[in-house]
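Text of start_24.txt (compact mmCIF, C-alpha atoms and all ligand atoms) as supplied:
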# COMPACT_ATOMS: atom_id res chain seq x y z
CA MET S 1 -185.68 -68.74 -30.81
CA LEU S 2 -183.35 -71.69 -30.80
CA PHE S 3 -181.90 -72.97 -27.52
CA LEU S 4 -178.51 -74.63 -27.76
CA VAL S 5 -177.33 -76.93 -24.98
CA ALA S 6 -173.94 -78.65 -24.65
CA LEU S 7 -174.25 -82.03 -22.93
CA GLU S 8 -171.59 -84.35 -21.50
CA ASP S 9 -172.88 -87.72 -20.32
CA GLY S 10 -176.32 -86.16 -20.22
CA GLU S 11 -175.16 -83.28 -17.99
CA PRO S 12 -175.73 -79.74 -19.33
CA LEU S 13 -172.39 -77.86 -19.33
CA GLY S 14 -173.21 -74.88 -21.50
CA SER S 15 -175.95 -73.12 -23.39
CA GLY S 16 -176.79 -70.30 -25.75
CA VAL S 17 -179.74 -68.83 -27.61
CA LEU S 18 -179.93 -68.07 -31.32
CA VAL S 19 -182.48 -65.40 -32.19
CA PRO S 20 -183.52 -65.76 -35.86
CA GLY S 21 -183.70 -62.71 -38.12
CA ASP S 22 -182.06 -61.20 -41.21
CA VAL S 23 -178.90 -61.38 -39.13
CA PRO S 24 -179.43 -64.08 -36.47
CA GLU S 25 -178.08 -63.10 -33.06
CA LEU S 26 -176.31 -65.35 -30.58
CA ARG S 27 -177.21 -64.44 -27.01
CA HIS S 28 -176.64 -65.66 -23.48
CA LEU S 29 -173.66 -67.86 -24.24
CA PHE S 30 -172.65 -69.53 -20.99
CA VAL S 31 -170.41 -72.43 -19.96
CA ALA S 32 -170.31 -73.83 -16.41
CA GLU S 33 -167.26 -72.43 -14.63
CA ALA S 34 -165.61 -75.81 -14.03
CA ALA S 35 -165.95 -76.72 -17.72
CA ARG S 36 -164.45 -73.57 -19.25
CA GLY S 37 -161.40 -73.60 -21.49
CA ARG S 38 -162.26 -76.99 -23.05
CA GLY S 39 -163.72 -75.72 -26.30
CA ILE S 40 -167.38 -76.00 -25.26
CA GLY S 41 -168.01 -72.29 -25.91
CA ALA S 42 -166.44 -72.57 -29.37
CA SER S 43 -168.57 -75.66 -30.09
CA LEU S 44 -171.76 -73.84 -29.11
CA ILE S 45 -170.79 -70.91 -31.34
CA GLY S 46 -170.09 -73.35 -34.20
CA ALA S 47 -173.51 -74.97 -33.69
CA ALA S 48 -175.18 -71.54 -33.71
CA GLU S 49 -173.39 -70.68 -36.96
CA ARG S 50 -174.49 -73.94 -38.61
CA GLU S 51 -178.11 -73.31 -37.54
CA ALA S 52 -177.92 -69.70 -38.81
CA ALA S 53 -176.58 -70.93 -42.16
CA ALA S 54 -179.40 -73.51 -42.31
CA MET S 55 -181.84 -70.59 -41.88
CA GLY S 56 -180.29 -69.00 -44.98
CA ALA S 57 -178.33 -66.33 -43.10
CA THR S 58 -174.93 -65.12 -44.29
CA LEU S 59 -174.05 -63.21 -41.11
CA VAL S 60 -174.24 -63.89 -37.37
CA GLU S 61 -174.14 -61.15 -34.75
CA LEU S 62 -173.57 -61.06 -31.02
CA GLY S 63 -172.97 -58.53 -28.29
CA VAL S 64 -170.19 -58.78 -25.74
CA GLY S 65 -169.84 -56.70 -22.59
CA VAL S 66 -167.15 -54.01 -22.70
CA ASP S 67 -165.86 -55.51 -19.45
CA ASN S 68 -165.57 -59.05 -20.92
CA PRO S 69 -162.31 -59.01 -22.92
CA ARG S 70 -161.78 -62.80 -22.65
CA ALA S 71 -165.10 -63.57 -24.33
CA ALA S 72 -164.34 -60.89 -26.96
CA ALA S 73 -160.96 -62.57 -27.57
CA LEU S 74 -162.71 -65.90 -28.15
CA TYR S 75 -165.11 -64.35 -30.67
CA ARG S 76 -162.25 -62.56 -32.46
CA ARG S 77 -160.33 -65.84 -32.67
CA LEU S 78 -163.40 -67.44 -34.27
CA GLY S 79 -163.67 -64.73 -36.94
CA TYR S 80 -165.96 -62.12 -35.38
CA ALA S 81 -165.17 -58.42 -35.89
CA GLU S 82 -166.55 -55.34 -34.18
CA THR S 83 -169.28 -53.52 -36.13
CA GLY S 84 -168.66 -50.22 -34.31
CA GLU S 85 -172.16 -50.36 -32.80
CA ARG S 86 -172.66 -50.36 -29.04
CA SER S 87 -175.82 -50.86 -27.01
CA LYS S 88 -176.86 -50.66 -23.39
CA THR S 89 -178.96 -53.49 -22.00
CA THR S 90 -180.68 -53.58 -18.63
CA TYR S 91 -181.69 -57.01 -17.41
CA GLU S 92 -182.92 -58.73 -14.28
CA TYR S 93 -181.30 -61.79 -12.79
CA VAL S 94 -181.40 -63.83 -9.59
CA ASP S 95 -178.05 -63.97 -7.77
CA ARG S 96 -176.52 -66.93 -5.91
CA ASP S 97 -178.41 -65.92 -2.75
CA GLY S 98 -181.73 -65.92 -4.58
CA VAL S 99 -181.96 -62.11 -4.59
CA ARG S 100 -183.48 -60.52 -7.69
CA ARG S 101 -181.16 -57.82 -9.05
CA THR S 102 -180.98 -55.46 -12.00
CA ALA S 103 -177.82 -54.88 -14.00
CA THR S 104 -176.95 -52.60 -16.89
CA GLU S 105 -174.33 -53.69 -19.38
CA THR S 106 -172.78 -51.94 -22.36
CA ASP S 107 -172.24 -54.33 -25.24
CA VAL S 108 -169.92 -54.10 -28.21
CA HIS S 109 -171.51 -55.68 -31.30
CA MET S 110 -169.53 -58.20 -33.32
CA ARG S 111 -170.36 -59.94 -36.59
CA LYS S 112 -169.08 -62.83 -38.61
CA ARG S 113 -169.70 -63.60 -42.28
CA LEU S 114 -170.57 -67.25 -42.73
CA ARG S 115 -168.88 -69.13 -45.53
CA GLY S 116 -171.42 -69.80 -48.27
C1 LIG O 201 -167.10 -67.00 -22.61
C2 LIG O 201 -167.38 -68.49 -22.37
C3 LIG O 201 -168.76 -68.84 -22.92
C4 LIG O 201 -166.31 -69.28 -23.12
O1 LIG O 201 -166.60 -70.67 -22.96
P1 LIG O 201 -165.44 -71.75 -22.95
O2 LIG O 201 -166.06 -73.09 -23.08
O3 LIG O 201 -164.53 -71.51 -21.82
O4 LIG O 201 -164.69 -71.35 -24.31
P2 LIG O 201 -163.62 -72.22 -25.12
O5 LIG O 201 -163.05 -73.28 -24.25
O6 LIG O 201 -164.22 -72.60 -26.42
O7 LIG O 201 -162.54 -71.13 -25.44
C5 LIG O 201 -161.71 -70.62 -24.38
C6 LIG O 201 -161.58 -69.15 -24.61
O8 LIG O 201 -162.72 -68.49 -24.07
C7 LIG O 201 -162.33 -67.26 -23.49
N1 LIG O 201 -162.75 -67.22 -22.09
C8 LIG O 201 -163.52 -66.25 -21.62
N2 LIG O 201 -163.73 -66.41 -20.31
C9 LIG O 201 -163.10 -67.55 -19.93
C10 LIG O 201 -162.97 -68.24 -18.68
N3 LIG O 201 -163.53 -67.78 -17.56
N4 LIG O 201 -162.24 -69.38 -18.67
C11 LIG O 201 -161.65 -69.85 -19.80
N5 LIG O 201 -161.75 -69.22 -21.00
C12 LIG O 201 -162.47 -68.09 -21.07
C13 LIG O 201 -160.84 -67.12 -23.68
O9 LIG O 201 -160.63 -66.36 -24.86
C14 LIG O 201 -160.39 -68.54 -23.90
O10 LIG O 201 -159.29 -68.55 -24.74
P3 LIG O 201 -157.86 -68.89 -24.14
O11 LIG O 201 -157.98 -70.33 -23.71
O12 LIG O 201 -156.96 -68.67 -25.31
O13 LIG O 201 -157.67 -67.93 -23.00
C15 LIG O 201 -167.32 -68.86 -20.86
O14 LIG O 201 -166.08 -68.46 -20.35
C16 LIG O 201 -168.43 -68.25 -20.00
O15 LIG O 201 -169.49 -68.84 -19.86
N6 LIG O 201 -168.16 -67.09 -19.40
C17 LIG O 201 -169.13 -66.42 -18.52
C18 LIG O 201 -170.32 -65.91 -19.31
C19 LIG O 201 -169.89 -65.04 -20.47
O16 LIG O 201 -169.01 -64.19 -20.34
N7 LIG O 201 -170.56 -65.24 -21.62
C20 LIG O 201 -170.31 -64.48 -22.82
C21 LIG O 201 -171.34 -63.42 -22.93
S1 LIG O 201 -171.07 -62.45 -24.40

Give the structure from this file in structure tokens form.
Ligand SMILES: CC(C)(COP(=O)(O)OP(=O)(O)OC[C@H]1O[C@@H](n2cnc3c(N)ncnc32)[C@H](O)[C@@H]1OP(=O)(O)O)[C@@H](O)C(=O)NCCC(=O)NCCS
Amino acid sequence: MLFLVALEDGEPLGSGVLVPGDVPELRHLFVAEAARGRGIGASLIGAAEREAAAMGATLVELGVGVDNPRAAALYRRLGYAETGERSKTTYEYVDRDGVRRTATETDVHMRKRLRG
């Protein structure tokens, strides 16, 4: 797994994970709320694509929640298209009050062909 971190003056403002494979998958893309809309998400996606290409991949895949149309719009703008596949993921997280919670999310899968 490859961890991607966006830094500004040494401060982490965003991150993502690239899971290697025949079709590497970008997961857990996140940008700090106050830093959104400045192109950091697009930069992290670009970095993930360059790393995937360096691994020899020609495609990159990601999943986006059905209730996250703004993120889906960003991916579409950057050349990702829906594959038609959907998946349900259940994950645990710790909320702002430190309480451990479980959430289930339905993801739409999107893919982009990398330029050779
Ligand atoms: C989705 C996310 C990573 C985008 O990061 P970003 O640095 O704001 O992205 P960029 O600045 O490169 O691009 C902005 C685009 O991101 C999308 N976007 C999604 N949520 C956004 C938000 N809360 N604020 C601003 N833009 C957002 C929009 O399409 C926006 O385009 P627009 O300016 O034309 O509306 C970020 O909003 C985020 O961390 N959201 C919460 C976690 C999340 O949804 N992750 C994606 C999981 S699949």

For Val23 (chain S), work out the shell of residues within 9 Å, counting all atoms listed in the file and skipping chain neighbours fewer than 5 positions away, then give it as an MDAnalysis selection string.
chainID S and resid 52 57:61

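Reported to one decimal place, the separation of CA of Leu18 (chain S) from atom O14 of ligand LIG 201 (chain O) is 17.7 Å.
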
For ligand LIG 201 (chain O), which of S:Glu51, S:Asp22, S:Asp97, S:Asp67 is the closest residue, counting only C-alpha atoms and all ligand atoms?
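Of S:Glu51, S:Asp22, S:Asp97, S:Asp67, the one nearest ligand LIG 201 (chain O) is S:Asp67, counting only C-alpha atoms and all ligand atoms.
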
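Using all atoms listed in the file, the smallest distance between any of S:Gly39, S:Pro24, S:Pro12, S:Gly84 and Ala53 (chain S) comes from S:Pro24.
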
Among the residues S:Glu25, S:Glu33, S:Glu92, S:Asp9, the one that comes closest to ligand LIG 201 (chain O) [using only C-alpha atoms and all ligand atoms]:
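Counting only C-alpha atoms and all ligand atoms, the residue closest to ligand LIG 201 (chain O) is S:Glu33.
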
How would you write, as number ranges by chain, the set of residues no farther than 12 Å from ligand LIG 201 (chain O) when counting only C-alpha atoms and all ligand atoms?
S: 5-6, 13-17, 25-46, 61-78, 105-110

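For the pair CA of Arg111 (chain S) and CA of Glu82 (chain S), the separation is 6.4 Å.
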